[in-house]
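Comments concern the structure below.
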Amino acid sequence: MEEVEIPSFFVCPISLQLMKDPVTVPTGITYDRESIEKWFFSVKKSTCPVTKQAIPDCELTPNHTLRRLIQSWCTLNAAHGIERIPTPRSPISKSQIAKLLREAKSPEMQNKCLKRLRSIATENATNRCCMEAAGAADSLAALVKNETSASNCGSLEVTSRPLDEALALLYHLQLSEASLKNLISDGGVFVDSLTRIMQSGTCDSRAYAVMLLKSMFEVADIIHLSSLRMELFVEVVRLLRDQVSQKATKSALKLLIRACQMGRNRVKAGEASAVPVLIDLLLDSRNEWQSEMILMLLDVLCQCAEGRAELLEHGAGITIVSKKILRVSETASERGVRILLSISKFSATPSIVQEMLQVGVAAKLCLVLQVEGTSKTKEKAKEILKLHARAWKSSPCIPAEFLSFYPA
């Protein structure tokens with residue numbers, strides 16, 4: 001193929017390779033479908049690579065004429081080892097998606113249509129974009145709300161097959177920010193439905209529910225985050241305790257970190273026993289990312305008195321936080337030191353100060369001062385050491401060179 005010069009108008013401006021499925025964007029420039037889809041959906045660009053003009057809807061039109069010319073050129077140069085490009089399958093259309101969504105409302109056709117839609121969504125990003133534009137998110141959300149409202153509160157398990165398929169499909173659509181905001185802007189009905197699913201659904205449905213909630217909360221405004229119900233926090237914490245899946249655990253932690261930026265939500269998370277569950281997870285954690293996220297969330301929760309009290313009531317609370325410092329990333333270590341600083345400033349009774357010394361907090365803080373790290377972390381470590389100077393300065397674990405940190 002190196003011996004044959006490819007006509008320039010057969011070459012994709014992005015990949016600089018022979019186009020196999022040429023498509024034209026609204027600016028009039030033609031690209032290979034695979035390359036431009038990667039540009040739009042993986043790199044998250046919304047402009048034409050050549051003209052730099054904005055393309056809001058990312059609409060791609062197959063260039064059949066150019067594709068036939070390329071196929072003819074390949075046939076003419078077959079003797080030089082050029083293989084003819086196959087005719088690509090026609091992309092899914094909005095009308096086809098709309099038809100499937102209508103048919104999915106029928107109980108007899110529901111499972112079949114939802115499975116077909118899920119198969120379409122997993123094929124490529126263009127199909128997902130087309131499905132979103134056809135209103136799939138609203139239709140699927142309505143199905144979820146109908147299925148959960150049809151169950152008797154609390155007693156009947158929410159385990160219908162259509163519900164499982166609809167949740168999986170909503171997750172795999174990888175919805176845009178606009179669609180996610182639309183889902184959360186229905187007065188809390190959809191959030192309540194997902195909460196019920198976390199309460200009574202299958203393991204897969206519970207996982208998909210918390211992953212959807214995490215995505216919705218990432219784009220939610222303060223008003224929506226301020227109106228979250230206590231039941232949601234109870235179910236998210238229960239999901240963390242059950243450790244349904246690694247993805248679900250990660251999403252649940254991110255959800256709580258986002259929601260607990262609001263002071264009232266920290267109190268709700270505390271009342272849902274989030275702190276002892278997080279400490280138990282931290283004790284068993286072998287993943288650095290999980291330890292980092294737990295420390296980040298504990299730092300947020302310990303900004304309120306209830307969170308600090310819960311941590312101190314746990315027999316391993318102070319110990320595991322201290323142990324994780326310097327065993328994870330610098331950012332996570334700083335979070336651990338911040339947790340200890342919050343306790344030292346606002347909750348340090350004589351017995352707590354003595355416990356911190358016995359479990360090695362003083363020694364760990366002195367080690368923080370000796371190793372390479374951020375100046376913020378070291379300053380916080382020094383502050384804790386100074387706060388407890390009277391109780392700790394005679395301890396053999398405090399090196400003599402650090403006694404200068406203590407007031408006379």
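Quick note on naming: the chains in the structure tokens go A, B, ... in the order shown, residues restart at 1 in each chain, and ligands are numbered from 1 in order of appearance.
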
Taking only C-alpha atoms into account, produce a table as a Markdown table in which each residue of range 78-142 of chain A with an atom at most 8 Å from an atom of range 6-27 of chain A appears once, together with its shortest atom pair and the distance in Å to one decimal, ordered by chain and rising number.
```
| residue | atom | partner | partner_atom | distance |
| --- | --- | --- | --- | --- |
| A:Ile85 | CA | A:Lys20 | CA | 5.9 |
| A:Pro86 | CA | A:Lys20 | CA | 7.6 |
| A:Thr87 | CA | A:Asp21 | CA | 7.9 |
| A:Pro88 | CA | A:Asp21 | CA | 6.4 |
```

Selected residues, N, CA, C and O atoms, written as a PDB file, in the first residue's frame, please.
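What landed in part-v5.pdb:
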```
ATOM      1  N   ILE A  85     -12.646  -1.505   0.653  1.00  0.00           N
ATOM      2  CA  ILE A  85     -13.303  -1.269   1.939  1.00  0.00           C
ATOM      3  C   ILE A  85     -14.743  -1.771   1.867  1.00  0.00           C
ATOM      4  O   ILE A  85     -15.412  -1.607   0.843  1.00  0.00           O
ATOM      5  N   PRO A  86     -15.235  -2.415   2.913  1.00  0.00           N
ATOM      6  CA  PRO A  86     -16.616  -2.918   2.886  1.00  0.00           C
ATOM      7  C   PRO A  86     -17.623  -1.778   2.998  1.00  0.00           C
ATOM      8  O   PRO A  86     -17.317  -0.706   3.524  1.00  0.00           O
ATOM      9  N   THR A  87     -18.819  -2.032   2.508  1.00  0.00           N
ATOM     10  CA  THR A  87     -19.895  -1.037   2.658  1.00  0.00           C
ATOM     11  C   THR A  87     -20.379  -1.049   4.099  1.00  0.00           C
ATOM     12  O   THR A  87     -20.805  -2.101   4.596  1.00  0.00           O
ATOM     13  N   PRO A  88     -20.274   0.083   4.803  1.00  0.00           N
ATOM     14  CA  PRO A  88     -20.674   0.113   6.218  1.00  0.00           C
ATOM     15  C   PRO A  88     -22.171  -0.056   6.390  1.00  0.00           C
ATOM     16  O   PRO A  88     -22.956   0.295   5.505  1.00  0.00           O
TER      17      PRO A  88
END
```

Residues near range 363-371 of chain A, cut-off 12 Å, only C-alpha atoms, skip fewer than 4 positions along chain, as a PyMOL selection string:
chain A and resi 318-327+330+333-334+336-338+340-341+356-359+375-386+388+392-393+395-403+405

Where does DSSP see alpha helix (DSSP H) in range 182-406 of chain A, if you list the residues as a count of residues only?
168

Neighbours of Gln174 in chain A within 10 Å (only C-alpha atoms; same-chain residues fewer than 5 positions away dropped), as a PyMOL selection string?
chain A and resi 121+125+128-129+132+169+179-180+212+215

Surrounding residues of Ser227 in chain A excluding itself and chain neighbours under 6 positions, 10 Å, only C-alpha atoms, as a PyMOL selection string
chain A and resi 187-188+264-265

Please produce a file of those selected residues containing all heavy atoms, as a PDB file, in the first residue's frame.
```pdb
ATOM      1  N   GLY A 187     -38.784  17.423  40.602  1.00  0.00           N
ATOM      2  CA  GLY A 187     -39.318  17.507  41.958  1.00  0.00           C
ATOM      3  C   GLY A 187     -38.869  16.365  42.855  1.00  0.00           C
ATOM      4  O   GLY A 187     -39.494  16.115  43.894  1.00  0.00           O
ATOM      5  N   GLY A 188     -37.822  15.677  42.472  1.00  0.00           N
ATOM      6  CA  GLY A 188     -37.287  14.597  43.299  1.00  0.00           C
ATOM      7  C   GLY A 188     -37.940  13.244  43.085  1.00  0.00           C
ATOM      8  O   GLY A 188     -37.587  12.272  43.767  1.00  0.00           O
ATOM      9  N   ARG A 264     -26.085  20.430  55.914  1.00  0.00           N
ATOM     10  CA  ARG A 264     -27.211  19.610  56.390  1.00  0.00           C
ATOM     11  C   ARG A 264     -27.102  18.175  55.930  1.00  0.00           C
ATOM     12  O   ARG A 264     -27.581  17.257  56.611  1.00  0.00           O
ATOM     13  CB  ARG A 264     -28.536  20.218  55.937  1.00  0.00           C
ATOM     14  CG  ARG A 264     -28.781  20.199  54.436  1.00  0.00           C
ATOM     15  CD  ARG A 264     -30.128  20.797  54.066  1.00  0.00           C
ATOM     16  NE  ARG A 264     -30.163  22.236  54.310  1.00  0.00           N
ATOM     17  CZ  ARG A 264     -31.228  23.010  54.091  1.00  0.00           C
ATOM     18  NH1 ARG A 264     -32.341  22.458  53.654  1.00  0.00           N
ATOM     19  NH2 ARG A 264     -31.184  24.296  54.314  1.00  0.00           N
ATOM     20  N   ASN A 265     -26.469  17.961  54.772  1.00  0.00           N
ATOM     21  CA  ASN A 265     -26.293  16.594  54.289  1.00  0.00           C
ATOM     22  C   ASN A 265     -25.233  15.838  55.087  1.00  0.00           C
ATOM     23  O   ASN A 265     -25.292  14.613  55.198  1.00  0.00           O
ATOM     24  CB  ASN A 265     -25.935  16.599  52.805  1.00  0.00           C
ATOM     25  CG  ASN A 265     -27.110  16.992  51.922  1.00  0.00           C
ATOM     26  OD1 ASN A 265     -28.266  16.926  52.350  1.00  0.00           O
ATOM     27  ND2 ASN A 265     -26.827  17.415  50.707  1.00  0.00           N
TER      28      ASN A 265
END
```

May I have the residues within 10 Å of Arg229 in chain A as an MDAnalysis selection string, using only C-alpha atoms and disregarding those fewer than 3 positions away in the same chain?
chainID A and resid 188 191:192 195 225:226 232:234 265 268

Write out, as a compact mmCIF listing (two decimals), in the first residue's frame, the residues just selected, with N, CA and C atoms.
```txt
# COMPACT_ATOMS: atom_id res chain seq x y z
N GLY A 188 -37.82 15.68 42.47
CA GLY A 188 -37.29 14.60 43.30
C GLY A 188 -37.94 13.24 43.08
N VAL A 191 -35.33 10.66 41.76
CA VAL A 191 -34.38 10.35 42.84
C VAL A 191 -35.03 9.42 43.86
N ASP A 192 -36.29 9.67 44.18
CA ASP A 192 -37.02 8.80 45.11
C ASP A 192 -37.16 7.39 44.53
N THR A 195 -33.95 5.65 44.92
CA THR A 195 -33.77 5.32 46.34
C THR A 195 -34.51 4.04 46.69
N LEU A 225 -29.40 19.60 45.70
CA LEU A 225 -28.61 18.89 46.70
C LEU A 225 -29.12 19.16 48.11
N SER A 226 -29.71 20.34 48.33
CA SER A 226 -30.21 20.70 49.66
C SER A 226 -31.50 19.99 50.02
N LEU A 232 -32.36 8.48 51.28
CA LEU A 232 -31.31 8.30 50.27
C LEU A 232 -29.98 8.00 50.94
N PHE A 233 -29.64 8.75 51.99
CA PHE A 233 -28.37 8.54 52.67
C PHE A 233 -28.33 7.18 53.36
N VAL A 234 -29.46 6.77 53.92
CA VAL A 234 -29.54 5.45 54.56
C VAL A 234 -29.23 4.35 53.56
N ASN A 265 -26.47 17.96 54.77
CA ASN A 265 -26.29 16.59 54.29
C ASN A 265 -25.23 15.84 55.09
N LYS A 268 -27.11 14.40 57.90
CA LYS A 268 -27.92 13.25 57.45
C LYS A 268 -27.04 12.02 57.26
```

Using only C-alpha atoms, determine which residues lie at most 12 Å from Ile55 in chain A, disregarding the query and same-chain residues fewer than 3 positions distant; provide the list as a list in words.
Thr24, Val25, Pro26, Thr27, Gly28, Ile29, Ile36, Trp39, Phe40, Lys44, Lys45, Ser46, Thr47, Cys48, Pro49, Val50, Thr51, Lys52, Cys58, Glu59 and Leu60 of chain A

Can you spit out the residues from that selection as a short mmCIF file (atom, residue, chain, number, x, y, z; two decimals), in the first residue's frame, using all heavy atoms?
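Output saved as again14.cif:
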```
data_model
loop_
_atom_site.label_atom_id
_atom_site.label_comp_id
_atom_site.auth_asym_id
_atom_site.auth_seq_id
_atom_site.Cartn_x
_atom_site.Cartn_y
_atom_site.Cartn_z
N THR A 24 -19.92 13.43 6.65
CA THR A 24 -19.75 14.89 6.55
C THR A 24 -20.43 15.57 7.74
O THR A 24 -21.56 15.23 8.10
CB THR A 24 -20.35 15.41 5.24
OG1 THR A 24 -19.74 14.72 4.15
CG2 THR A 24 -20.10 16.91 5.09
N VAL A 25 -19.72 16.51 8.35
CA VAL A 25 -20.28 17.28 9.48
C VAL A 25 -20.95 18.54 8.93
O VAL A 25 -20.77 18.88 7.75
CB VAL A 25 -19.18 17.63 10.50
CG1 VAL A 25 -18.56 16.37 11.08
CG2 VAL A 25 -18.10 18.51 9.86
N PRO A 26 -21.75 19.25 9.73
CA PRO A 26 -22.47 20.43 9.23
C PRO A 26 -21.59 21.52 8.62
O PRO A 26 -22.09 22.34 7.86
CB PRO A 26 -23.18 20.94 10.49
CG PRO A 26 -23.42 19.72 11.29
CD PRO A 26 -22.21 18.87 11.08
N THR A 27 -20.29 21.53 8.91
CA THR A 27 -19.41 22.54 8.32
C THR A 27 -19.02 22.20 6.88
O THR A 27 -18.37 23.01 6.22
CB THR A 27 -18.13 22.70 9.16
OG1 THR A 27 -17.46 21.43 9.23
CG2 THR A 27 -18.45 23.20 10.55
N GLY A 28 -19.39 21.00 6.41
CA GLY A 28 -19.08 20.60 5.04
C GLY A 28 -17.80 19.79 4.89
O GLY A 28 -17.47 19.36 3.79
N ILE A 29 -17.08 19.56 5.99
CA ILE A 29 -15.84 18.78 5.94
C ILE A 29 -16.16 17.31 6.17
O ILE A 29 -17.00 16.96 7.00
CB ILE A 29 -14.85 19.26 7.02
CG1 ILE A 29 -14.62 20.78 6.90
CG2 ILE A 29 -13.52 18.52 6.89
CD1 ILE A 29 -14.02 21.23 5.60
N ILE A 36 -13.90 10.88 13.71
CA ILE A 36 -14.68 12.04 14.14
C ILE A 36 -15.53 11.68 15.37
O ILE A 36 -15.78 12.52 16.24
CB ILE A 36 -15.56 12.58 12.99
CG1 ILE A 36 -16.10 13.98 13.34
CG2 ILE A 36 -16.68 11.63 12.64
CD1 ILE A 36 -15.05 15.04 13.53
N TRP A 39 -13.32 12.01 18.23
CA TRP A 39 -13.13 13.45 18.48
C TRP A 39 -14.30 14.02 19.30
O TRP A 39 -14.11 14.74 20.26
CB TRP A 39 -12.99 14.17 17.15
CG TRP A 39 -12.94 15.68 17.22
CD1 TRP A 39 -14.00 16.53 17.13
CD2 TRP A 39 -11.78 16.50 17.38
NE1 TRP A 39 -13.58 17.84 17.21
CE2 TRP A 39 -12.21 17.86 17.37
CE3 TRP A 39 -10.43 16.24 17.54
CZ2 TRP A 39 -11.34 18.93 17.52
CZ3 TRP A 39 -9.55 17.32 17.68
CH2 TRP A 39 -10.01 18.63 17.66
N PHE A 40 -15.50 13.66 18.90
CA PHE A 40 -16.70 14.19 19.57
C PHE A 40 -16.95 13.56 20.93
O PHE A 40 -17.24 14.26 21.91
CB PHE A 40 -17.94 13.97 18.69
CG PHE A 40 -18.04 14.91 17.52
CD1 PHE A 40 -18.60 14.48 16.33
CD2 PHE A 40 -17.58 16.21 17.61
CE1 PHE A 40 -18.71 15.33 15.24
CE2 PHE A 40 -17.67 17.08 16.52
CZ PHE A 40 -18.24 16.64 15.33
N LYS A 44 -14.27 14.66 23.70
CA LYS A 44 -15.28 15.61 24.18
C LYS A 44 -15.15 16.99 23.53
O LYS A 44 -15.29 18.02 24.17
CB LYS A 44 -15.21 15.77 25.71
CG LYS A 44 -15.40 14.49 26.49
CD LYS A 44 -16.79 13.94 26.35
CE LYS A 44 -17.00 12.71 27.21
NZ LYS A 44 -18.33 12.11 27.04
N LYS A 45 -14.86 16.99 22.23
CA LYS A 45 -14.80 18.25 21.48
C LYS A 45 -16.15 18.49 20.79
O LYS A 45 -16.84 17.54 20.42
CB LYS A 45 -13.70 18.19 20.43
CG LYS A 45 -12.29 18.01 20.99
CD LYS A 45 -11.77 19.26 21.65
CE LYS A 45 -10.31 19.11 22.06
NZ LYS A 45 -9.78 20.33 22.68
N SER A 46 -16.51 19.76 20.62
CA SER A 46 -17.76 20.08 19.94
C SER A 46 -17.52 21.07 18.81
O SER A 46 -18.37 21.90 18.50
CB SER A 46 -18.77 20.66 20.93
OG SER A 46 -18.25 21.82 21.55
N THR A 47 -16.34 21.00 18.22
CA THR A 47 -15.98 21.87 17.10
C THR A 47 -15.49 21.02 15.93
O THR A 47 -15.07 19.87 16.11
CB THR A 47 -14.86 22.86 17.49
OG1 THR A 47 -13.72 22.12 17.95
CG2 THR A 47 -15.34 23.81 18.58
N CYS A 48 -15.53 21.61 14.75
CA CYS A 48 -14.99 20.95 13.56
C CYS A 48 -13.47 21.00 13.63
O CYS A 48 -12.89 22.09 13.78
CB CYS A 48 -15.49 21.64 12.30
SG CYS A 48 -14.75 21.04 10.77
N PRO A 49 -12.76 19.88 13.56
CA PRO A 49 -11.29 19.89 13.68
C PRO A 49 -10.59 20.77 12.66
O PRO A 49 -9.54 21.34 12.95
CB PRO A 49 -10.91 18.41 13.48
CG PRO A 49 -12.14 17.65 13.84
CD PRO A 49 -13.29 18.51 13.43
N VAL A 50 -11.16 20.90 11.45
CA VAL A 50 -10.52 21.69 10.39
C VAL A 50 -10.87 23.17 10.49
O VAL A 50 -10.00 24.04 10.51
CB VAL A 50 -10.89 21.14 9.00
CG1 VAL A 50 -10.37 22.07 7.90
CG2 VAL A 50 -10.32 19.73 8.81
N THR A 51 -12.17 23.47 10.56
CA THR A 51 -12.60 24.87 10.54
C THR A 51 -12.68 25.51 11.92
O THR A 51 -12.77 26.73 12.03
CB THR A 51 -13.99 24.98 9.89
OG1 THR A 51 -14.96 24.33 10.73
CG2 THR A 51 -14.00 24.34 8.51
N LYS A 52 -12.68 24.67 12.98
CA LYS A 52 -12.81 25.14 14.38
C LYS A 52 -14.18 25.75 14.68
O LYS A 52 -14.38 26.36 15.72
CB LYS A 52 -11.71 26.17 14.73
CG LYS A 52 -10.30 25.73 14.40
CD LYS A 52 -9.93 24.43 15.09
CE LYS A 52 -8.50 24.00 14.75
NZ LYS A 52 -8.17 22.67 15.30
N CYS A 58 -23.50 17.59 16.77
CA CYS A 58 -22.61 16.50 16.34
C CYS A 58 -23.27 15.60 15.29
O CYS A 58 -23.09 14.38 15.28
CB CYS A 58 -22.16 15.66 17.53
SG CYS A 58 -21.35 16.61 18.83
N GLU A 59 -24.04 16.19 14.40
CA GLU A 59 -24.76 15.40 13.39
C GLU A 59 -23.79 14.97 12.28
O GLU A 59 -23.04 15.76 11.72
CB GLU A 59 -25.89 16.23 12.79
CG GLU A 59 -26.74 15.47 11.80
CD GLU A 59 -27.88 16.31 11.25
OE1 GLU A 59 -28.13 17.40 11.79
OE2 GLU A 59 -28.51 15.87 10.28
N LEU A 60 -23.82 13.67 11.97
CA LEU A 60 -22.94 13.11 10.95
C LEU A 60 -23.79 12.58 9.79
O LEU A 60 -24.71 11.80 9.99
CB LEU A 60 -22.11 11.96 11.53
CG LEU A 60 -21.28 12.28 12.79
CD1 LEU A 60 -20.56 11.04 13.27
CD2 LEU A 60 -20.28 13.39 12.51
#
```

Residue nearest Ala309 in chain A - candidates A:Ser119, A:Ser347, A:Asn287, A:Ser251, atoms counted: only C-alpha atoms:
A:Ser347

Selection near Leu163 in chain A, 8 Å with only C-alpha atoms, sequence-local residues under 2 positions removed, as a ChimeraX atom specification
/A:143-144,147,159-161,165-167,205

For a test of reading the model, state the distance in Å between CA of Ser245 in chain A and CA of Ala209 in chain A, rounded to one decimal.
12.4 Å

Could you state the separation of CA of Ala274 in chain A and CA of Asp221 in chain A in Å, given to one decimal place?
23.0 Å

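Proximity ranking of A:Thr249, A:Thr148, A:Pro56, A:Asn124 relative to Glu34 in chain A places A:Asn124 first, based on only C-alpha atoms.
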